[in-house]
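Participant: One structure, pasted below without further comment.
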Amino acid sequence: MSNADRHGLITKVVRDAGGATVQQLAELTGASEMTIRRDLDTLAAQGVLERVRGGARSLLLRGEEPPFALRAREAVDTKRRIAAKVSALIADGESVVLDSGTTCLEVARLLRDRPVTVMPLSLQAIQLFGATPGPATLVVPGGQPRAAEGALTGPLTLASLAALRFDTAVVGCCGLSATDGLTAYDLDDAAVKKASIASARRTLVASGGSKLGRTAFAYVGPAALLHTLVTDDTAPADEVGALETAGTIVTTV
């Protein structure tokens with residue numbers, strides 16, 4: 001088993017069970033306990049799990065937003081398919097405000113090679129555009145990055161959004177339903193999403209199907225504000241139908 005495969009399995013076991021001991025993980029993976037301890041130290045440093053005496057436990061027990069490092073490892077192929085479709089819906093020459101989050105980061109990887117103007121709302125995406133200059137024009141907003149997330153929030157971010165008008169807002173979500181609309185885990189993040197939607201002519205939502213039918217803590221806006229949702233085939237059919245009835249175009253990849 002490769003390091004990446006072992007790390008992925010450890011992450012899943014700890015997340016699903018809430019925790020695991022070094023001995024349990026060694027038996028499951030076939031690796032030595034010394035190797036498992038190094039793996040756990042590495043994953044803890046990345047913010048994927050919490051290291052405790054004799055093993056590790058999940059960071060999700062408190063019902064908080066899953067850490068960016070953990071989300072970045074999950075459903076990568078699905079996120080890339082969603083990102084490819086979102087990129088295809090954006091025409092050359094458009095101006096785009098790009099939300100934070102792991103799926104939107106995959107969209108950034110594609111847009112950096114396109115002749116578009118992009119204002120990313122996360123440090124990860126800003127660094128991605130800056131590291132490999134290409135045909136895309138980068139606009140950098142103000143704001144304060146959320147710890148570990150890199151998402152930009154606060155008055156300077158809201159002022160940057162209020163000062164500009166975009167063709168398209170690409171927005172991620174923590175929860176989306178026809179009944180409760182678009183929601184986020186964090187009030188500051190919700191405020192940025194609201195401002196992004198208000199600054200754009202249309203809104204594209206990039207979200208895995210597991211987010212549909214769920215409601216998070218902070219309200220962003222009704223589903224009627226969303227032009228198009230790009231999701232995957234795990235999206236609940238009844239929720240997809242309800243969103244389409246509410247006026248959102250739903251594209252499944």
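Ligands are numbered from 1 in the order shown, residues from 1 within each chain, and chains are lettered A, B, ... in the order they appear in the structure tokens.
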Select from segment 11-223 of chain A everything DSSP, run on the backbone, classes as alpha helix (DSSP H), then give the selection as a VMD selection string.
Facilitator: chain A and resid 11 to 17 22 to 29 33 to 45 68 to 71 76 to 88 102 to 111 123 to 131 155 to 162 187 to 198
Participant: For Pro115 of chain A, please output as a list in words all residues within 8 Å (counting only C-alpha atoms; exclusion window: fewer than 5 positions along the same chain).
Facilitator: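 Returned residues: Asp92, Gly93, Pro135, Ala136 and Thr137 of chain A.
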Participant: Pick out the closest residue to Thr157 of chain A from this set: A:Met119, A:Leu204, A:Ile249, A:Val13. Count only C-alpha atoms.
Facilitator: A:Met119
Participant: So, with only C-alpha atoms as the atoms that count, which of A:Arg214, A:Arg57, A:Arg6, A:His227 lies closest to Ala184 of chain A?
Facilitator: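 The closest residue to Ala184 of chain A is A:Arg214.
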Participant: Please provide the set of residues having any atom within 10 Å of Ala151 of chain A, restricted to only C-alpha atoms, with same-chain residues fewer than 4 positions apart removed, written as a list of chain:residue names.
Facilitator: A:Phe68, A:Asp99, A:Ser100, A:Gly101, A:Pro120, A:Leu121, A:Ser122, A:Leu123, A:Gln124, A:Ala125, A:Gly143, A:Gln144, A:Pro145, A:Arg146, A:Ala147, A:Asp188, A:Asp189, A:Val192
Participant: Which residue is closest to Asp77 of chain A? Choose from A:Ala131, A:Val139, A:Ala91, A:Val253 and count only C-alpha atoms.
Facilitator: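 The shortest atom-to-atom distance to Asp77 of chain A comes from A:Val253.
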Participant: For each of A:Lys194, A:Arg53, A:Lys79, A:Arg201, take the minimum atom-to-atom distance to Leu105 of chain A, counting only C-alpha atoms, then give the residue where this is smallest.
Facilitator: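 When distances to Leu105 of chain A are compared using only C-alpha atoms, the smallest one comes from A:Lys79.
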Participant: Could you state the separation of atom CA of Ser199 of chain A and atom CA of Tyr219 of chain A in Å, given to one decimal place?
Facilitator: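 Value for the atom CA of Ser199 of chain A-atom CA of Tyr219 of chain A distance: 17.6 Å.
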Participant: For segment 80-89 of chain A, list every protein, DNA or RNA residue within 8 Å, evaluated using only C-alpha atoms, and leave out those in the same chain fewer than 5 positions away; present the list as a ChimeraX atom specification.
Facilitator: /A:103-104,106-107,110-111,204,206-208,230-232,253
Participant: Write the residues of the preceding selection, restricted to all heavy atoms, as an mmCIF file, in the first residue's frame.
Facilitator:
```cif
data_model
loop_
_atom_site.group_PDB
_atom_site.id
_atom_site.type_symbol
_atom_site.label_atom_id
_atom_site.label_comp_id
_atom_site.auth_asym_id
_atom_site.auth_seq_id
_atom_site.Cartn_x
_atom_site.Cartn_y
_atom_site.Cartn_z
ATOM 1 N N THR A 103 -13.735 22.583 -4.265
ATOM 2 C CA THR A 103 -14.231 22.443 -5.641
ATOM 3 C C THR A 103 -13.911 23.691 -6.455
ATOM 4 O O THR A 103 -13.498 23.604 -7.617
ATOM 5 C CB THR A 103 -15.744 22.174 -5.641
ATOM 6 O OG1 THR A 103 -16.024 21.004 -4.865
ATOM 7 C CG2 THR A 103 -16.250 21.953 -7.062
ATOM 8 N N CYS A 104 -14.072 24.858 -5.850
ATOM 9 C CA CYS A 104 -13.738 26.099 -6.551
ATOM 10 C C CYS A 104 -12.238 26.195 -6.830
ATOM 11 O O CYS A 104 -11.832 26.812 -7.827
ATOM 12 C CB CYS A 104 -14.218 27.308 -5.755
ATOM 13 S SG CYS A 104 -16.025 27.513 -5.793
ATOM 14 N N GLU A 106 -10.448 23.682 -7.760
ATOM 15 C CA GLU A 106 -10.302 22.916 -9.006
ATOM 16 C C GLU A 106 -10.736 23.744 -10.216
ATOM 17 O O GLU A 106 -10.149 23.648 -11.294
ATOM 18 C CB GLU A 106 -11.108 21.621 -8.930
ATOM 19 C CG GLU A 106 -10.630 20.634 -7.883
ATOM 20 C CD GLU A 106 -9.200 20.163 -8.113
ATOM 21 O OE1 GLU A 106 -8.757 20.150 -9.285
ATOM 22 O OE2 GLU A 106 -8.520 19.821 -7.125
ATOM 23 N N VAL A 107 -11.759 24.583 -10.032
ATOM 24 C CA VAL A 107 -12.158 25.501 -11.108
ATOM 25 C C VAL A 107 -11.027 26.476 -11.410
ATOM 26 O O VAL A 107 -10.727 26.775 -12.573
ATOM 27 C CB VAL A 107 -13.441 26.272 -10.720
ATOM 28 C CG1 VAL A 107 -13.802 27.287 -11.806
ATOM 29 C CG2 VAL A 107 -14.604 25.307 -10.486
ATOM 30 N N LEU A 110 -8.364 25.358 -13.836
ATOM 31 C CA LEU A 110 -8.747 25.389 -15.245
ATOM 32 C C LEU A 110 -8.813 26.823 -15.782
ATOM 33 O O LEU A 110 -8.408 27.085 -16.910
ATOM 34 C CB LEU A 110 -10.102 24.699 -15.428
ATOM 35 C CG LEU A 110 -10.146 23.225 -15.007
ATOM 36 C CD1 LEU A 110 -11.568 22.677 -15.112
ATOM 37 C CD2 LEU A 110 -9.187 22.390 -15.854
ATOM 38 N N LEU A 111 -9.302 27.744 -14.967
ATOM 39 C CA LEU A 111 -9.461 29.124 -15.439
ATOM 40 C C LEU A 111 -8.137 29.853 -15.601
ATOM 41 O O LEU A 111 -8.047 30.816 -16.363
ATOM 42 C CB LEU A 111 -10.365 29.902 -14.479
ATOM 43 C CG LEU A 111 -11.837 29.481 -14.434
ATOM 44 C CD1 LEU A 111 -12.614 30.425 -13.517
ATOM 45 C CD2 LEU A 111 -12.465 29.467 -15.830
ATOM 46 N N LEU A 204 -23.248 30.515 -10.722
ATOM 47 C CA LEU A 204 -23.085 29.081 -10.924
ATOM 48 C C LEU A 204 -22.673 28.472 -9.590
ATOM 49 O O LEU A 204 -21.703 28.925 -8.970
ATOM 50 C CB LEU A 204 -21.996 28.781 -11.964
ATOM 51 C CG LEU A 204 -22.108 29.457 -13.334
ATOM 52 C CD1 LEU A 204 -20.938 29.026 -14.218
ATOM 53 C CD2 LEU A 204 -23.430 29.121 -13.996
ATOM 54 N N ALA A 206 -21.162 25.228 -7.699
ATOM 55 C CA ALA A 206 -20.393 24.000 -7.913
ATOM 56 C C ALA A 206 -20.440 23.204 -6.621
ATOM 57 O O ALA A 206 -19.866 23.619 -5.608
ATOM 58 C CB ALA A 206 -18.954 24.337 -8.292
ATOM 59 N N SER A 207 -21.122 22.055 -6.653
ATOM 60 C CA SER A 207 -21.306 21.316 -5.411
ATOM 61 C C SER A 207 -21.514 19.831 -5.667
ATOM 62 O O SER A 207 -22.268 19.444 -6.568
ATOM 63 C CB SER A 207 -22.517 21.852 -4.646
ATOM 64 O OG SER A 207 -22.785 21.061 -3.511
ATOM 65 N N GLY A 208 -20.876 18.991 -4.849
ATOM 66 C CA GLY A 208 -21.137 17.568 -4.878
ATOM 67 C C GLY A 208 -22.553 17.263 -4.416
ATOM 68 O O GLY A 208 -23.175 18.043 -3.682
ATOM 69 N N VAL A 230 -24.112 22.875 -10.849
ATOM 70 C CA VAL A 230 -23.371 21.755 -11.430
ATOM 71 C C VAL A 230 -23.049 20.794 -10.298
ATOM 72 O O VAL A 230 -22.366 21.169 -9.335
ATOM 73 C CB VAL A 230 -22.081 22.220 -12.135
ATOM 74 C CG1 VAL A 230 -21.352 21.020 -12.736
ATOM 75 C CG2 VAL A 230 -22.404 23.239 -13.221
ATOM 76 N N THR A 231 -23.540 19.553 -10.405
ATOM 77 C CA THR A 231 -23.371 18.576 -9.341
ATOM 78 C C THR A 231 -23.066 17.212 -9.953
ATOM 79 O O THR A 231 -22.815 17.109 -11.155
ATOM 80 C CB THR A 231 -24.628 18.544 -8.441
ATOM 81 O OG1 THR A 231 -24.383 17.711 -7.309
ATOM 82 C CG2 THR A 231 -25.848 18.056 -9.197
ATOM 83 N N ASP A 232 -23.073 16.176 -9.116
ATOM 84 C CA ASP A 232 -22.784 14.831 -9.624
ATOM 85 C C ASP A 232 -23.997 13.934 -9.448
ATOM 86 O O ASP A 232 -25.026 14.351 -8.905
ATOM 87 C CB ASP A 232 -21.558 14.248 -8.911
ATOM 88 C CG ASP A 232 -21.819 14.014 -7.439
ATOM 89 O OD1 ASP A 232 -22.273 12.913 -7.096
ATOM 90 O OD2 ASP A 232 -21.585 14.936 -6.633
ATOM 91 N N VAL A 253 -22.883 15.771 -13.734
ATOM 92 C CA VAL A 253 -21.701 15.244 -14.439
ATOM 93 C C VAL A 253 -21.369 13.851 -13.922
ATOM 94 O O VAL A 253 -21.798 13.447 -12.856
ATOM 95 C CB VAL A 253 -20.497 16.175 -14.266
ATOM 96 C CG1 VAL A 253 -20.787 17.545 -14.866
ATOM 97 C CG2 VAL A 253 -20.115 16.332 -12.799
#
```
Participant: Give me every strand (DSSP E or B) residue in segment 41-194 of chain A, going by DSSP on the backbone, as a count of residues only.
Facilitator: 35
Participant: Which is closer to Thr102 of chain A than all the others in A:Leu49, A:Leu40, A:Val171, A:Ala162, using only C-alpha atoms?
Facilitator: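 Using only C-alpha atoms, Thr102 of chain A sits closest to A:Val171.
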Participant: Let me make sure I understand: among A:Asp113, A:Glu149, A:Glu94, A:Asp180, which one has the smallest atom-to-atom distance to Phe166 of chain A if we use only C-alpha atoms?
Facilitator: A:Glu94
Participant: I want to know what sits within 7 Å of Arg37 of chain A, based on only C-alpha atoms, with residues of the same chain fewer than 4 positions away left out; could you give that as a list in words?
Facilitator: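 The neighbour list is Val22, Glu33 and Asp41 of chain A.
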Participant: Go ahead and save the picked residues with C-alpha atoms, as a CSV table (one decimal), in the first residue's frame.
Facilitator:
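Output contents, as saved in selection.csv:
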```csv
chain,number,residue,atom,x,y,z
A,22,VAL,CA,-2.3,3.0,16.4
A,33,GLU,CA,3.1,0.9,14.4
A,41,ASP,CA,1.8,13.0,12.9
```
Participant: Can you tell me how far atom CA of Asp39 of chain A sits from atom CA of Asn3 of chain A, in Å to one decimal?
Facilitator: 8.3 Å
